[in-house]
Amino acid sequence: MRIALVSAQASPLGLGGPTAGGRHTHVAALARALGAMSHEVTVYVRREDRAAPERLPFAPGVTVEQVPAGPVESLPADDTLPHMGDFGRALAARWGDEAGVGPDVVHAHYWLSGLAALTATADVRRPVVVTYHGLASAERRILPVDHNAGPGPRAGMERTLGSLADRVVAQSEDEVAELGRMGVRRAATVIVPSGVDTELFTPSGAAADHRRPGLRRILSVGPLVPRKGFGDLVEALRRVPGAELVVVGGPDPARPPRDIDADPEARRLIQLADTHGVADRVRIVGAVTPEELAAWYRSADVLACAPWYEPFGLTPLEAMACGVPVVAYAVGGIGESVIDNVTGVLVPPRDVNAMAGALRALLGDEVRRMSFASAAIDRVRSRYSWERAATELERVYQTVTGGPAAADGAEESSEEDELSEVS
Ligand code: UDP
């Protein structure tokens, strides 16, 4: 099958860079997995780099194409809205108007790429599948007002996108519920949780150094933005003696400078650590490559995850794949990927005391940590492999293109099963 992955705002080529996040990881790994299944995959990204060639082989069966739309420089994702019309028209021009030419299915990632996919398929119908990777309606409800959920029209456009797409891929039951509240038809929604790179994130392999021997290590990973809740962890650390907090992740792509020491959130966290008397136990590393990140996970006694909102959350699963138990706020997809008291501990969102208590208890109980670690490895291998995610998505593509899965109805029934669980 010829598969177009439209990801104007998150290029696989940016993996491991200072602005990379969950969508970069997801799109790159999905493309690789589909390519390995002998599909012909093209990932369409917005041209940000004048020096890079327009078409670049990325993995077996996978090409990344840079599509010119807007300034040739890196932009914060939501600033690309004015360029999505051009992006979509450029795709339509590439795909042409002949049947049998161009992609069989278009899978868009993030609402803005979804809009571009609708523009690209307006004249020549091609099935469109969309994965939102976060919804404005949930972000507006959960996040404080000053951490707004992108441009004003986003929520309305996400609703329209949901009504026009052939399939909406939700990554958790929590997201299905949110889509339902938005009015997206349940029959058009299917749950396929993201996969995790279980070849890279493994329990054995190099581990990052302990600069301060004798301290237990609490690791937290993600872009350096307030909504990731690193501040809550700094506060919690006051009540977790004998432990250090290591934060790995890059500066906010929307707010230069990108230098870690000059980063406003890094400075705020250091100041907060000073206020709470824990500055000597907090370390902010900055962005690292996925390979380096695997070594950081392996060096940790526990992964702490304290976001205010998290549509899916890859880092808890990556840590689990490395055999690291997780203590997390029970938000969004994390409340489903981490099994409380089996692969980690879930605590109520924004409850710093509960976070501190859970970290202290788990760090003091090696037997429990070991039992969580082996359950975590099993859970990721059995439920979150990319092979499984890509196979389920292949079935979705077959359904919308009228292929074998549509004929035997397999995908429809699994969809109903999953949806009945949440209704
Ligand atoms: N990541 C990385 N280097 C870093 C920090 C994070 O490659 O220094 C990757 C990490 O492996 C994960 C992604 O960035 O795949 C973060 O995804 P998550 O879903 O946790 O958060 P998001 O960025 O989507 O808010």
# chains A, B, ... in the order shown; residues from 1 in each chain; ligands from 1
>>> residues_around(residues="A:Ala92", least_positions_apart="2", cutoff="12 Å", atoms="only C-alpha atoms", output="PyMOL selection string")
chain A and resi 4+44+67+85-90+94-98+101-103+106+116-126
>>> write_last_selection(atoms="C-alpha atoms", output="PDB file, in the first residue's frame")
ATOM      1  CA  ALA A   4       1.289   9.189   3.038  1.00  0.00           C
ATOM      2  CA  TYR A  44       5.555  14.800   4.229  1.00  0.00           C
ATOM      3  CA  VAL A  67       7.258  20.421   1.190  1.00  0.00           C
ATOM      4  CA  GLY A  85      -3.426  25.788   2.860  1.00  0.00           C
ATOM      5  CA  ASP A  86      -0.238  26.034   0.769  1.00  0.00           C
ATOM      6  CA  PHE A  87       1.034  22.816   2.279  1.00  0.00           C
ATOM      7  CA  GLY A  88      -2.166  20.955   1.365  1.00  0.00           C
ATOM      8  CA  ARG A  89      -2.232  22.376  -2.179  1.00  0.00           C
ATOM      9  CA  ALA A  90       1.422  21.412  -2.668  1.00  0.00           C
ATOM     10  CA  ARG A  94       2.361  16.218  -6.100  1.00  0.00           C
ATOM     11  CA  TRP A  95      -0.279  13.509  -5.940  1.00  0.00           C
ATOM     12  CA  GLY A  96      -1.979  14.573  -9.179  1.00  0.00           C
ATOM     13  CA  ASP A  97      -5.518  13.868 -10.273  1.00  0.00           C
ATOM     14  CA  GLU A  98      -5.135  10.451 -11.820  1.00  0.00           C
ATOM     15  CA  VAL A 101      -1.278   7.577  -8.767  1.00  0.00           C
ATOM     16  CA  GLY A 102      -0.401   9.070  -5.390  1.00  0.00           C
ATOM     17  CA  PRO A 103      -1.106   7.573  -1.970  1.00  0.00           C
ATOM     18  CA  VAL A 106      -3.337   9.703   3.945  1.00  0.00           C
ATOM     19  CA  ALA A 116      -3.597  20.146   5.228  1.00  0.00           C
ATOM     20  CA  ALA A 117      -4.680  16.551   4.470  1.00  0.00           C
ATOM     21  CA  LEU A 118      -8.291  17.690   3.968  1.00  0.00           C
ATOM     22  CA  THR A 119      -7.147  20.439   1.571  1.00  0.00           C
ATOM     23  CA  ALA A 120      -4.935  17.951  -0.285  1.00  0.00           C
ATOM     24  CA  THR A 121      -7.828  15.520  -0.794  1.00  0.00           C
ATOM     25  CA  ALA A 122     -10.594  18.040  -1.486  1.00  0.00           C
ATOM     26  CA  ASP A 123     -10.640  17.538  -5.276  1.00  0.00           C
ATOM     27  CA  VAL A 124      -9.309  14.008  -5.632  1.00  0.00           C
ATOM     28  CA  ARG A 125     -10.833  11.845  -2.884  1.00  0.00           C
ATOM     29  CA  ARG A 126      -8.367   9.806  -0.906  1.00  0.00           C
TER      30      ARG A 126
END
>>> residues_near_ligand(ligand="ligand 1", cutoff="10 Å", atoms="only C-alpha atoms and all ligand atoms", output="MDAnalysis selection string")
chainID A and resid 14:26 29 133:134 194 196:197 201 220:225 227:228 247:251 285:294 296:297 305 307 309:319 333:334
>>> select_by_dssp(residues="stretch 169-353 of chain A", states="alpha helix (DSSP H)", output="MDAnalysis selection string")
chainID A and resid 173:182 230:237 264:275 290:298 314:321 334:337 352:353
>>> write_last_selection(atoms="C-alpha atoms", output="CSV table (one decimal), in the first residue's frame")
chain,number,residue,atom,x,y,z
A,173,GLU,CA,-9.9,5.5,26.1
A,174,ASP,CA,-9.5,8.8,27.8
A,175,GLU,CA,-9.1,10.4,24.3
A,176,VAL,CA,-12.1,8.4,23.0
A,177,ALA,CA,-14.2,10.0,25.7
A,178,GLU,CA,-12.9,13.5,24.8
A,179,LEU,CA,-13.7,12.9,21.2
A,180,GLY,CA,-17.2,11.8,22.2
A,181,ARG,CA,-17.6,15.0,24.1
A,182,MET,CA,-16.5,16.9,20.9
A,230,PHE,CA,8.9,19.4,36.7
A,231,GLY,CA,8.2,22.2,39.2
A,232,ASP,CA,6.0,19.8,41.2
A,233,LEU,CA,8.8,17.3,41.3
A,234,VAL,CA,11.3,19.8,42.5
A,235,GLU,CA,8.8,20.6,45.4
A,236,ALA,CA,8.2,17.0,46.1
A,237,LEU,CA,12.0,16.4,46.3
A,264,PRO,CA,13.5,30.5,31.3
A,265,GLU,CA,12.0,27.3,32.5
A,266,ALA,CA,15.4,25.8,33.5
A,267,ARG,CA,16.1,29.0,35.5
A,268,ARG,CA,12.7,28.9,37.1
A,269,LEU,CA,13.2,25.3,38.2
A,270,ILE,CA,16.7,26.1,39.6
A,271,GLN,CA,15.3,29.0,41.5
A,272,LEU,CA,12.4,26.9,42.8
A,273,ALA,CA,15.0,24.3,43.9
A,274,ASP,CA,16.9,27.0,45.8
A,275,THR,CA,13.7,28.1,47.5
A,290,PRO,CA,17.1,8.8,21.9
A,291,GLU,CA,20.2,6.6,22.3
A,292,GLU,CA,21.5,8.7,25.2
A,293,LEU,CA,18.1,8.9,26.7
A,294,ALA,CA,18.0,5.1,26.9
A,295,ALA,CA,21.2,5.3,29.0
A,296,TRP,CA,19.5,7.9,31.3
A,297,TYR,CA,16.5,5.6,31.8
A,298,ARG,CA,18.7,2.7,32.7
A,314,LEU,CA,5.6,8.1,25.7
A,315,THR,CA,8.2,8.6,28.4
A,316,PRO,CA,6.6,6.3,31.0
A,317,LEU,CA,6.4,3.5,28.5
A,318,GLU,CA,10.0,4.1,27.4
A,319,ALA,CA,11.1,3.9,31.0
A,320,MET,CA,9.0,0.7,31.6
A,321,ALA,CA,10.6,-0.8,28.5
A,334,ILE,CA,-0.8,7.6,31.5
A,335,GLY,CA,-3.7,6.4,33.7
A,336,GLU,CA,-4.0,3.5,31.2
A,337,SER,CA,-0.4,2.7,30.3
A,352,VAL,CA,2.6,17.0,45.3
A,353,ASN,CA,2.3,15.4,48.7
>>> residues_around(residues="A:Arg50", least_positions_apart="2", cutoff="10 Å", atoms="only C-alpha atoms", output="list in words")
Arg47, Glu48, Ala52, Pro53, Glu54, Gln66, Pro68, Val72 and Glu73 of chain A
>>> closest_atom_pairs(of="stretch 152-207 of chain A", to="stretch 365-386 of chain A", cutoff="10 Å", atoms="only C-alpha atoms", output="CSV")
residue,atom,partner,partner_atom,distance
A:Val192,CA,A:Tyr384,CA,9.7
A:Pro193,CA,A:Tyr384,CA,7.3
A:Ser194,CA,A:Tyr384,CA,6.8
A:Gly195,CA,A:Trp386,CA,4.3
A:Val196,CA,A:Ser385,CA,5.7
A:Asp197,CA,A:Trp386,CA,6.7
A:Thr198,CA,A:Ser385,CA,6.7
A:Glu199,CA,A:Ser385,CA,9.7
A:Thr202,CA,A:Ile377,CA,8.5
A:Pro203,CA,A:Ile377,CA,8.1
>>> select_by_dssp(residues="stretch 193-238 of chain A", states="strand (DSSP E)", output="MDAnalysis selection string")
chainID A and resid 216:221
>>> closest_residue(among="A:Ile3, A:Ala262, A:Val240, A:Leu164", to="A:Asp104", atoms="only C-alpha atoms")
A:Ile3
>>> residues_around(residues="stretch 390-401 of chain A", least_positions_apart="2", cutoff="7 Å", atoms="only C-alpha atoms", output="VMD selection string")
chain A and resid 30 33 to 34 104 to 105 127 166 192 386 to 388 403 to 406 411
>>> write_last_selection(atoms="all heavy atoms", output="short mmCIF file (atom, residue, chain, number, x, y, z; two decimals), in the first residue's frame")
data_model
loop_
_atom_site.label_atom_id
_atom_site.label_comp_id
_atom_site.auth_asym_id
_atom_site.auth_seq_id
_atom_site.Cartn_x
_atom_site.Cartn_y
_atom_site.Cartn_z
N LEU A 30 6.52 4.96 13.48
CA LEU A 30 5.42 4.40 12.69
C LEU A 30 5.86 4.21 11.24
O LEU A 30 5.61 3.16 10.62
CB LEU A 30 4.19 5.33 12.77
CG LEU A 30 3.03 4.99 11.83
CD1 LEU A 30 2.48 3.59 12.11
CD2 LEU A 30 1.90 6.03 11.96
N ALA A 33 8.10 1.21 10.99
CA ALA A 33 7.38 -0.06 11.16
C ALA A 33 6.56 -0.39 9.91
O ALA A 33 6.52 -1.54 9.47
CB ALA A 33 6.49 0.02 12.39
N LEU A 34 5.93 0.61 9.31
CA LEU A 34 5.13 0.35 8.10
C LEU A 34 6.03 0.01 6.93
O LEU A 34 5.71 -0.86 6.11
CB LEU A 34 4.26 1.57 7.77
CG LEU A 34 3.12 1.88 8.74
CD1 LEU A 34 2.52 3.26 8.45
CD2 LEU A 34 2.01 0.81 8.67
N ASP A 104 -2.52 5.68 -1.42
CA ASP A 104 -3.82 5.00 -1.24
C ASP A 104 -4.52 5.55 -0.01
O ASP A 104 -5.74 5.57 0.07
CB ASP A 104 -3.59 3.49 -1.03
CG ASP A 104 -2.87 2.89 -2.22
OD1 ASP A 104 -3.38 3.05 -3.34
OD2 ASP A 104 -1.80 2.28 -2.03
N VAL A 105 -3.73 5.96 0.97
CA VAL A 105 -4.31 6.46 2.21
C VAL A 105 -3.41 7.57 2.76
O VAL A 105 -2.19 7.55 2.57
CB VAL A 105 -4.50 5.30 3.24
CG1 VAL A 105 -3.18 4.67 3.63
CG2 VAL A 105 -5.21 5.78 4.50
N PRO A 127 -8.77 8.48 1.11
CA PRO A 127 -9.17 8.33 2.51
C PRO A 127 -8.18 9.03 3.46
O PRO A 127 -6.97 8.93 3.26
CB PRO A 127 -9.17 6.83 2.75
CG PRO A 127 -8.81 6.18 1.47
CD PRO A 127 -8.51 7.21 0.44
N ASP A 166 -12.02 10.03 7.56
CA ASP A 166 -12.62 8.70 7.43
C ASP A 166 -12.46 7.90 8.71
O ASP A 166 -13.31 7.08 9.05
CB ASP A 166 -11.97 7.95 6.26
CG ASP A 166 -12.27 8.64 4.94
OD1 ASP A 166 -11.52 9.58 4.57
OD2 ASP A 166 -13.27 8.30 4.31
N VAL A 192 -5.81 2.94 18.89
CA VAL A 192 -4.53 2.27 18.65
C VAL A 192 -3.47 3.03 19.46
O VAL A 192 -3.02 4.10 19.05
CB VAL A 192 -4.13 2.27 17.15
CG1 VAL A 192 -2.84 1.48 16.97
CG2 VAL A 192 -5.23 1.70 16.28
N TRP A 386 5.84 -1.69 18.44
CA TRP A 386 5.46 -0.97 17.22
C TRP A 386 4.88 -1.92 16.17
O TRP A 386 4.06 -1.52 15.37
CB TRP A 386 6.66 -0.18 16.67
CG TRP A 386 6.54 1.25 17.08
CD1 TRP A 386 7.36 1.94 17.92
CD2 TRP A 386 5.48 2.16 16.71
NE1 TRP A 386 6.88 3.21 18.09
CE2 TRP A 386 5.73 3.38 17.35
CE3 TRP A 386 4.35 2.06 15.90
CZ2 TRP A 386 4.90 4.49 17.22
CZ3 TRP A 386 3.51 3.17 15.76
CH2 TRP A 386 3.80 4.36 16.41
N GLU A 387 5.33 -3.18 16.22
CA GLU A 387 4.75 -4.16 15.28
C GLU A 387 3.24 -4.23 15.47
O GLU A 387 2.46 -4.25 14.53
CB GLU A 387 5.32 -5.54 15.55
CG GLU A 387 6.53 -5.84 14.72
CD GLU A 387 7.31 -7.00 15.29
OE1 GLU A 387 6.77 -7.72 16.15
OE2 GLU A 387 8.46 -7.15 14.88
N ARG A 388 2.85 -4.30 16.74
CA ARG A 388 1.42 -4.41 17.03
C ARG A 388 0.68 -3.14 16.59
O ARG A 388 -0.34 -3.21 15.91
CB ARG A 388 1.23 -4.64 18.53
CG ARG A 388 -0.23 -4.76 18.89
CD ARG A 388 -0.44 -4.90 20.39
NE ARG A 388 -1.79 -4.40 20.67
CZ ARG A 388 -2.66 -4.99 21.43
NH1 ARG A 388 -2.38 -6.10 22.03
NH2 ARG A 388 -3.86 -4.49 21.59
N GLY A 403 -10.00 -2.47 1.51
CA GLY A 403 -9.16 -3.67 1.36
C GLY A 403 -9.67 -4.84 2.17
O GLY A 403 -10.81 -4.83 2.63
N PRO A 404 -8.80 -5.88 2.36
CA PRO A 404 -9.21 -7.14 2.99
C PRO A 404 -9.88 -6.98 4.35
O PRO A 404 -10.89 -7.61 4.63
CB PRO A 404 -7.90 -7.92 3.14
CG PRO A 404 -6.87 -7.19 2.37
CD PRO A 404 -7.41 -5.87 1.98
N ALA A 405 -9.35 -6.10 5.20
CA ALA A 405 -9.94 -5.97 6.53
C ALA A 405 -11.37 -5.46 6.46
O ALA A 405 -12.22 -5.84 7.25
CB ALA A 405 -9.11 -5.04 7.40
N ALA A 406 -11.62 -4.60 5.45
CA ALA A 406 -12.98 -4.09 5.29
C ALA A 406 -13.91 -5.22 4.88
O ALA A 406 -15.04 -5.34 5.36
CB ALA A 406 -13.00 -2.99 4.23
N GLU A 411 -11.75 -5.28 11.39
CA GLU A 411 -11.42 -4.03 12.08
C GLU A 411 -12.66 -3.42 12.73
O GLU A 411 -12.61 -2.92 13.83
CB GLU A 411 -10.79 -3.08 11.07
CG GLU A 411 -10.02 -1.96 11.73
CD GLU A 411 -10.81 -0.67 11.71
OE1 GLU A 411 -11.66 -0.52 10.82
OE2 GLU A 411 -10.62 0.15 12.60
#
>>> residues_around(residues="stretch 150-157 of chain A", least_positions_apart="3", cutoff="12 Å", atoms="only C-alpha atoms", output="PyMOL selection string")
chain A and resi 76-82+110-116+118+132+134-141+143+145-147+160-165+178-179+181-184+254
>>> atom_distance(atom1="atom CA of A:Val169", atom2="atom CA of A:Ala188")
8.6 Å
